>>> print(open('query_15.csv').read())   # CSV, C-alpha atoms
chain,number,residue,atom,x,y,z
M,498,MET,CA,-57.5,283.8,-190.2
M,499,SER,CA,-58.3,287.4,-189.3
M,500,THR,CA,-54.6,288.0,-188.3
M,501,GLN,CA,-53.5,286.8,-191.7
M,502,VAL,CA,-56.1,289.0,-193.4
M,503,VAL,CA,-55.1,292.0,-191.4
M,504,GLN,CA,-51.4,291.5,-192.1
M,505,SER,CA,-51.9,290.9,-195.8
M,506,TYR,CA,-53.9,294.1,-196.3
M,507,ALA,CA,-51.6,296.1,-194.0
M,508,ASN,CA,-48.5,294.9,-195.9
M,509,ALA,CA,-50.0,295.6,-199.3
M,510,PHE,CA,-51.1,299.1,-198.1
M,511,TYR,CA,-47.6,299.8,-196.7
M,512,GLU,CA,-46.0,298.8,-199.9
M,513,ILE,CA,-48.3,301.1,-201.9
M,514,ALA,CA,-47.6,304.0,-199.4
M,515,ASN,CA,-43.9,303.4,-199.3
M,516,GLU,CA,-43.5,303.2,-203.1
M,517,SER,CA,-45.5,306.4,-203.6
M,518,GLY,CA,-43.7,308.2,-200.8
M,519,LYS,CA,-47.1,308.9,-199.1
M,520,ALA,CA,-46.7,306.8,-195.9
M,521,THR,CA,-46.6,309.9,-193.6
M,522,ARG,CA,-49.4,311.5,-195.4
M,523,PHE,CA,-51.6,308.4,-195.1
M,524,VAL,CA,-50.9,308.1,-191.4
M,525,ASP,CA,-52.1,311.7,-190.9
M,526,GLU,CA,-55.2,311.3,-193.1
M,527,ILE,CA,-56.1,308.0,-191.4
M,528,ASP,CA,-55.8,309.6,-188.0
M,529,ALA,CA,-58.1,312.4,-189.1
M,530,LEU,CA,-60.6,309.9,-190.5
M,531,ALA,CA,-60.5,307.6,-187.4
M,532,PRO,CA,-63.6,309.1,-185.8
M,533,VAL,CA,-65.7,308.4,-188.9
M,534,PHE,CA,-64.7,304.7,-189.2
M,535,ASN,CA,-65.0,304.1,-185.4
M,536,ASP,CA,-68.5,305.5,-185.3
M,537,PRO,CA,-71.0,302.7,-184.3
M,538,GLU,CA,-73.5,303.6,-187.0
M,539,THR,CA,-70.8,303.6,-189.7
M,540,ILE,CA,-69.6,300.2,-188.4
M,541,GLN,CA,-73.1,298.9,-188.5
M,542,PHE,CA,-73.6,300.1,-192.1
M,543,PHE,CA,-70.5,298.3,-193.3
M,544,LYS,CA,-71.4,295.1,-191.5
M,545,SER,CA,-75.0,295.1,-192.8
M,546,PRO,CA,-75.9,292.6,-195.5
M,547,LEU,CA,-78.7,294.9,-196.5
M,548,PHE,CA,-76.3,297.1,-198.5
M,549,THR,CA,-74.3,295.9,-201.5
M,550,SER,CA,-70.6,296.3,-201.8
M,551,GLN,CA,-71.2,298.9,-204.5
M,552,GLU,CA,-73.3,300.9,-202.1
M,553,LYS,CA,-70.6,300.6,-199.5
M,554,GLU,CA,-68.0,301.7,-202.0
M,555,ALA,CA,-70.1,304.7,-203.0
M,556,ALA,CA,-70.5,305.6,-199.3
M,557,VAL,CA,-66.7,305.6,-198.9
M,558,GLU,CA,-66.3,307.7,-201.9
M,559,ALA,CA,-68.9,310.2,-200.8
M,560,ALA,CA,-67.5,310.4,-197.3
M,561,LEU,CA,-63.9,310.8,-198.3
M,562,ALA,CA,-64.1,312.9,-201.5
M,563,GLY,CA,-61.7,315.8,-201.1
M,564,LYS,CA,-60.7,314.6,-197.6
M,565,ALA,CA,-58.4,311.8,-198.5
M,566,ASP,CA,-55.7,310.9,-201.0
M,567,ALA,CA,-57.1,308.9,-204.0
M,568,ASP,CA,-54.8,305.9,-203.2
M,569,LEU,CA,-56.1,305.9,-199.6
M,570,MET,CA,-59.7,306.2,-200.8
M,571,ASP,CA,-59.1,303.3,-203.3
M,572,PHE,CA,-57.7,301.2,-200.5
M,573,ILE,CA,-60.7,301.8,-198.2
M,574,LYS,CA,-63.1,301.1,-201.1
M,575,LEU,CA,-61.3,297.8,-201.7
M,576,LEU,CA,-61.8,296.9,-198.1
M,577,ALA,CA,-65.5,297.8,-198.4
M,578,ARG,CA,-65.8,295.8,-201.7
M,579,ASN,CA,-64.2,292.7,-200.1
M,580,GLY,CA,-66.2,292.9,-196.9
M,581,ARG,CA,-63.0,293.7,-194.9
M,582,ILE,CA,-63.8,297.2,-193.6
M,583,GLY,CA,-64.4,295.7,-190.2
M,584,PHE,CA,-60.7,295.0,-190.0
M,585,LEU,CA,-59.8,298.7,-190.8
M,586,SER,CA,-58.7,299.7,-187.3
M,587,GLN,CA,-56.5,296.6,-187.0
M,588,ILE,CA,-55.1,297.1,-190.5
M,589,VAL,CA,-54.4,300.8,-189.7
M,590,GLU,CA,-52.5,299.7,-186.5
M,591,GLU,CA,-50.4,297.2,-188.5
M,592,PHE,CA,-49.8,299.9,-191.2
M,593,LYS,CA,-48.7,302.4,-188.6
M,594,GLU,CA,-46.4,299.9,-187.0
M,595,SER,CA,-44.8,299.3,-190.4
M,596,CYS,CA,-44.4,303.0,-190.9
M,597,SER,CA,-42.9,303.6,-187.5
M,598,GLY,CA,-41.1,300.3,-187.5
M,599,GLY,CA,-37.9,301.9,-188.1
M,600,LYS,CA,-37.1,303.5,-191.4
M,601,GLY,CA,-37.7,300.6,-193.7
M,602,VAL,CA,-37.3,297.9,-191.1
M,603,LYS,CA,-40.0,295.3,-191.4
M,604,LYS,CA,-40.8,292.8,-188.7
M,605,GLY,CA,-40.9,289.1,-189.5
M,606,GLU,CA,-41.0,285.7,-187.9
M,607,VAL,CA,-38.8,282.6,-188.4
M,608,VAL,CA,-40.1,279.2,-187.4
M,609,SER,CA,-37.6,276.4,-187.2
M,610,ALA,CA,-37.7,272.8,-186.2
M,611,ILE,CA,-35.0,273.3,-183.7
M,612,ALA,CA,-33.6,276.4,-181.9
M,613,LEU,CA,-31.1,278.3,-184.1
M,614,THR,CA,-27.7,279.4,-182.9
M,615,ASP,CA,-26.8,283.1,-182.9
M,616,THR,CA,-24.6,282.6,-185.9
M,617,GLU,CA,-27.4,280.9,-187.8
M,618,LYS,CA,-29.8,283.6,-186.9
M,619,LYS,CA,-27.4,286.3,-188.1
M,620,ASN,CA,-26.7,284.4,-191.3
M,621,LEU,CA,-30.4,283.9,-191.9
M,622,GLN,CA,-31.2,287.5,-191.3
M,623,GLU,CA,-28.5,288.7,-193.7
M,624,ALA,CA,-29.8,286.2,-196.4
M,625,ILE,CA,-33.4,287.4,-196.0
M,626,GLU,CA,-32.4,291.1,-196.1
M,627,LYS,CA,-30.3,290.4,-199.2
M,628,LYS,CA,-33.2,288.6,-200.9
M,629,LEU,CA,-35.9,291.1,-199.9
M,630,ASN,CA,-33.7,294.2,-200.3
M,631,PHE,CA,-34.7,295.8,-197.0
M,632,LYS,CA,-33.8,295.5,-193.3
M,633,VAL,CA,-35.8,293.1,-191.2
M,634,GLN,CA,-36.3,292.5,-187.5
M,635,LEU,CA,-37.0,288.8,-186.9
M,636,ASP,CA,-38.6,286.9,-184.1
M,637,TYR,CA,-37.6,283.3,-183.8
M,638,LYS,CA,-39.8,280.3,-182.7
M,639,THR,CA,-39.5,276.6,-182.9
M,640,SER,CA,-42.0,274.1,-184.0
M,641,PRO,CA,-41.3,270.3,-184.2
M,642,ASP,CA,-44.1,270.0,-186.7
M,643,LEU,CA,-41.7,271.3,-189.4
M,644,MET,CA,-39.6,268.1,-189.0
M,645,GLY,CA,-36.6,270.0,-190.3
M,646,GLY,CA,-35.7,273.3,-191.9
M,647,ILE,CA,-37.3,276.8,-191.6
M,648,GLU,CA,-40.2,278.9,-192.6
M,649,ALA,CA,-39.9,282.7,-192.6
M,650,ARG,CA,-42.6,285.3,-193.0
M,651,VAL,CA,-41.8,289.0,-193.4
M,652,GLY,CA,-44.8,291.0,-194.4
M,653,SER,CA,-46.4,289.4,-197.4
M,654,TYR,CA,-43.2,287.5,-198.2
M,655,ILE,CA,-43.0,283.8,-197.3
M,656,ILE,CA,-39.8,281.8,-197.5
M,657,GLU,CA,-40.3,278.0,-196.9
M,658,ASP,CA,-37.5,275.6,-196.8
M,659,SER,CA,-38.7,272.9,-194.4
M,660,LEU,CA,-39.1,269.2,-194.7
M,661,LYS,CA,-42.8,269.6,-194.2
M,662,SER,CA,-43.3,272.1,-197.0
M,663,ASN,CA,-41.1,270.1,-199.3
M,664,LEU,CA,-43.1,266.9,-198.6
M,665,GLN,CA,-46.3,268.9,-199.3
M,666,LYS,CA,-44.9,270.1,-202.7
M,667,LEU,CA,-43.8,266.6,-203.6
M,668,ASN,CA,-47.3,265.2,-202.7
M,669,GLU,CA,-49.0,267.9,-204.8
M,670,SER,CA,-46.7,267.1,-207.7
M,671,LEU,CA,-47.4,263.4,-207.5
M,672,LYS,CA,-51.1,264.0,-207.4
M,673,ARG,CA,-50.9,266.2,-210.5
M,674,SER,CA,-48.8,263.8,-212.5
M,675,SER,CA,-51.1,260.9,-211.7
M,676,ASN,CA,-54.1,262.7,-213.2
>>> encode(input="query_15.csv", output="structure tokens")
Amino acid sequence: MSTQVVQSYANAFYEIANESGKATRFVDEIDALAPVFNDPETIQFFKSPLFTSQEKEAAVEAALAGKADADLMDFIKLLARNGRIGFLSQIVEEFKESCSGGKGVKKGEVVSAIALTDTEKKNLQEAIEKKLNFKVQLDYKTSPDLMGGIEARVGSYIIEDSLKSNLQKLNESLKRSSN
């Protein structure tokens, strides 16, 4: 679960930074703020159930006022509000990887029921890049649980075209129509 949480937040933050053209600035500001959020007392504060999420947000605002971009501060406040500040260092690492991941190239994973040929991999990569409108670097894995087809995940984007996912959708549809 934590890996999915980290990736979701990191991808969302990367998209914000990339759209606003502030990715490099955010990396520099995060590096400057790292000692604050790696401090054991700070970590203990954010983990403590004795403080409300509003108090934690206020602490972020007080600590970062004038030291961080408003978008960066809003993102860290969001983490505090949602009880995810404990994942900040992991989110930052994922974010940095996305930023340095090669000029708009995002990493992704494709899971297929059987091993794909090089031609299939190339065609799939081209189709995903065309659909998402950016370059991707894909890792390929197999899982017999899919029973057929593929599932691809690139950042927060998920493309499912497997027998397993289609059967799940059919099952959900049948349940809804019987009620």
>>> residues_around(input="query_15.csv", residues="Phe523 in chain M", least_positions_apart="2", cutoff="12 Å", atoms="all atoms listed in the file", output="PyMOL selection string")
chain M and resi 510-511+513-515+517-521+525-531+564-570+572-573+589+592-593+596
>>> residues_near_point(input="query_15.csv", point="(-35.9, 277.4, -185.3)", cutoff="10 Å", atoms="only C-alpha atoms", output="PDB file with C-alpha atoms, in the coordinates of the input")
ATOM      1  CA  VAL M 607     -38.800 282.600-188.400  1.00  0.00           C
ATOM      2  CA  VAL M 608     -40.100 279.200-187.400  1.00  0.00           C
ATOM      3  CA  SER M 609     -37.600 276.400-187.200  1.00  0.00           C
ATOM      4  CA  ALA M 610     -37.700 272.800-186.200  1.00  0.00           C
ATOM      5  CA  ILE M 611     -35.000 273.300-183.700  1.00  0.00           C
ATOM      6  CA  ALA M 612     -33.600 276.400-181.900  1.00  0.00           C
ATOM      7  CA  LEU M 613     -31.100 278.300-184.100  1.00  0.00           C
ATOM      8  CA  THR M 614     -27.700 279.400-182.900  1.00  0.00           C
ATOM      9  CA  GLU M 617     -27.400 280.900-187.800  1.00  0.00           C
ATOM     10  CA  LYS M 618     -29.800 283.600-186.900  1.00  0.00           C
ATOM     11  CA  ASP M 636     -38.600 286.900-184.100  1.00  0.00           C
ATOM     12  CA  TYR M 637     -37.600 283.300-183.800  1.00  0.00           C
ATOM     13  CA  LYS M 638     -39.800 280.300-182.700  1.00  0.00           C
ATOM     14  CA  THR M 639     -39.500 276.600-182.900  1.00  0.00           C
ATOM     15  CA  SER M 640     -42.000 274.100-184.000  1.00  0.00           C
ATOM     16  CA  PRO M 641     -41.300 270.300-184.200  1.00  0.00           C
ATOM     17  CA  LEU M 643     -41.700 271.300-189.400  1.00  0.00           C
ATOM     18  CA  GLY M 645     -36.600 270.000-190.300  1.00  0.00           C
ATOM     19  CA  GLY M 646     -35.700 273.300-191.900  1.00  0.00           C
ATOM     20  CA  ILE M 647     -37.300 276.800-191.600  1.00  0.00           C
ATOM     21  CA  GLU M 648     -40.200 278.900-192.600  1.00  0.00           C
ATOM     22  CA  ALA M 649     -39.900 282.700-192.600  1.00  0.00           C
TER      23      ALA M 649
END
>>> atom_distance(input="query_15.csv", atom1="CA of Pro532 in chain M", atom2="CA of Leu576 in chain M")
17.4 Å
>>> atom_distance(input="query_15.csv", atom1="CA of Asp642 in chain M", atom2="CA of Lys627 in chain M")
27.6 Å
>>> closest_residue(input="query_15.csv", among="M:Glu657, M:Ile582, M:Ile588, M:Lys666", to="Ala509 in chain M", atoms="only C-alpha atoms")
M:Ile588
>>> atom_distance(input="query_15.csv", atom1="CA of Asn508 in chain M", atom2="CA of Ser595 in chain M")
8.0 Å
>>> residues_around(input="query_15.csv", residues="Thr549 in chain M", least_positions_apart="5", cutoff="12 Å", atoms="only C-alpha atoms", output="count of residues only")
10
>>> residues_around(input="query_15.csv", residues="Glu591 in chain M", least_positions_apart="6", cutoff="12 Å", atoms="all atoms listed in the file", output="VMD selection string")
chain M and resid 500 to 511 524 584 to 585 597 to 598 603 to 604 652
>>> closest_residue(input="query_15.csv", among="M:Ile656, M:Ile540, M:Val651, M:Leu667", to="Ser586 in chain M", atoms="all atoms listed in the file")
M:Ile540
>>> build_atoms(input="query_15.csv", residues="range 660-671 of chain M", atoms="all heavy atoms", output="compact mmCIF listing (two decimals), in the coordinates of the input")
# COMPACT_ATOMS: atom_id res chain seq x y z
N LEU M 660 -38.78 270.52 -194.27
CA LEU M 660 -39.10 269.20 -194.70
C LEU M 660 -40.61 269.05 -194.93
O LEU M 660 -41.07 268.48 -195.92
CB LEU M 660 -38.62 268.15 -193.68
CG LEU M 660 -38.80 266.68 -194.02
CD1 LEU M 660 -38.16 266.34 -195.36
CD2 LEU M 660 -38.24 265.80 -192.93
N LYS M 661 -41.38 269.65 -194.04
CA LYS M 661 -42.80 269.60 -194.20
C LYS M 661 -43.32 270.24 -195.46
O LYS M 661 -44.10 269.64 -196.20
CB LYS M 661 -43.47 270.32 -192.96
CG LYS M 661 -44.97 270.33 -192.96
CD LYS M 661 -45.51 271.09 -191.75
CE LYS M 661 -47.01 271.22 -191.80
NZ LYS M 661 -47.53 272.00 -190.67
N SER M 662 -42.84 271.45 -195.78
CA SER M 662 -43.30 272.10 -197.00
C SER M 662 -42.78 271.38 -198.25
O SER M 662 -43.50 271.29 -199.25
CB SER M 662 -42.83 273.59 -197.03
OG SER M 662 -41.44 273.70 -197.13
N ASN M 663 -41.58 270.83 -198.20
CA ASN M 663 -41.10 270.10 -199.30
C ASN M 663 -41.86 268.79 -199.57
O ASN M 663 -42.11 268.41 -200.72
CB ASN M 663 -39.58 269.75 -199.16
CG ASN M 663 -38.71 270.98 -199.30
OD1 ASN M 663 -39.08 271.95 -199.96
ND2 ASN M 663 -37.54 270.97 -198.66
N LEU M 664 -42.28 268.11 -198.49
CA LEU M 664 -43.10 266.90 -198.60
C LEU M 664 -44.48 267.27 -199.20
O LEU M 664 -45.03 266.54 -200.03
CB LEU M 664 -43.24 266.20 -197.29
CG LEU M 664 -41.99 265.46 -196.80
CD1 LEU M 664 -42.19 264.96 -195.37
CD2 LEU M 664 -41.63 264.32 -197.74
N GLN M 665 -45.04 268.41 -198.78
CA GLN M 665 -46.30 268.90 -199.30
C GLN M 665 -46.21 269.13 -200.82
O GLN M 665 -47.09 268.75 -201.60
CB GLN M 665 -46.82 270.10 -198.59
CG GLN M 665 -47.31 269.81 -197.19
CD GLN M 665 -47.61 271.09 -196.40
OE1 GLN M 665 -47.10 272.16 -196.71
NE2 GLN M 665 -48.44 270.95 -195.37
N LYS M 666 -45.15 269.80 -201.22
CA LYS M 666 -44.90 270.10 -202.70
C LYS M 666 -44.79 268.80 -203.46
O LYS M 666 -45.33 268.67 -204.56
CB LYS M 666 -43.71 270.98 -202.84
CG LYS M 666 -43.91 272.39 -202.35
CD LYS M 666 -42.62 273.19 -202.43
CE LYS M 666 -42.76 274.52 -201.72
NZ LYS M 666 -41.47 275.22 -201.60
N LEU M 667 -44.04 267.86 -202.92
CA LEU M 667 -43.80 266.60 -203.60
C LEU M 667 -45.18 265.84 -203.73
O LEU M 667 -45.50 265.31 -204.79
CB LEU M 667 -42.85 265.71 -202.82
CG LEU M 667 -42.58 264.32 -203.38
CD1 LEU M 667 -41.99 264.39 -204.79
CD2 LEU M 667 -41.64 263.55 -202.45
N ASN M 668 -45.97 265.85 -202.66
CA ASN M 668 -47.30 265.20 -202.70
C ASN M 668 -48.18 265.83 -203.75
O ASN M 668 -48.84 265.13 -204.52
CB ASN M 668 -47.93 265.31 -201.30
CG ASN M 668 -49.22 264.53 -201.20
OD1 ASN M 668 -49.43 263.57 -201.92
ND2 ASN M 668 -50.08 264.92 -200.28
N GLU M 669 -48.22 267.15 -203.82
CA GLU M 669 -49.00 267.90 -204.80
C GLU M 669 -48.55 267.53 -206.24
O GLU M 669 -49.34 267.31 -207.15
CB GLU M 669 -48.98 269.36 -204.59
CG GLU M 669 -49.73 269.81 -203.35
CD GLU M 669 -49.45 271.26 -202.97
OE1 GLU M 669 -48.87 272.00 -203.78
OE2 GLU M 669 -49.81 271.63 -201.85
N SER M 670 -47.25 267.48 -206.41
CA SER M 670 -46.70 267.10 -207.70
C SER M 670 -47.06 265.73 -208.14
O SER M 670 -47.41 265.48 -209.30
CB SER M 670 -45.16 267.30 -207.67
OG SER M 670 -44.58 266.91 -208.88
N LEU M 671 -47.00 264.81 -207.21
CA LEU M 671 -47.40 263.40 -207.50
C LEU M 671 -48.84 263.31 -207.86
O LEU M 671 -49.22 262.57 -208.76
CB LEU M 671 -47.01 262.50 -206.35
CG LEU M 671 -45.51 262.27 -206.11
CD1 LEU M 671 -45.29 261.51 -204.81
CD2 LEU M 671 -44.90 261.53 -207.28
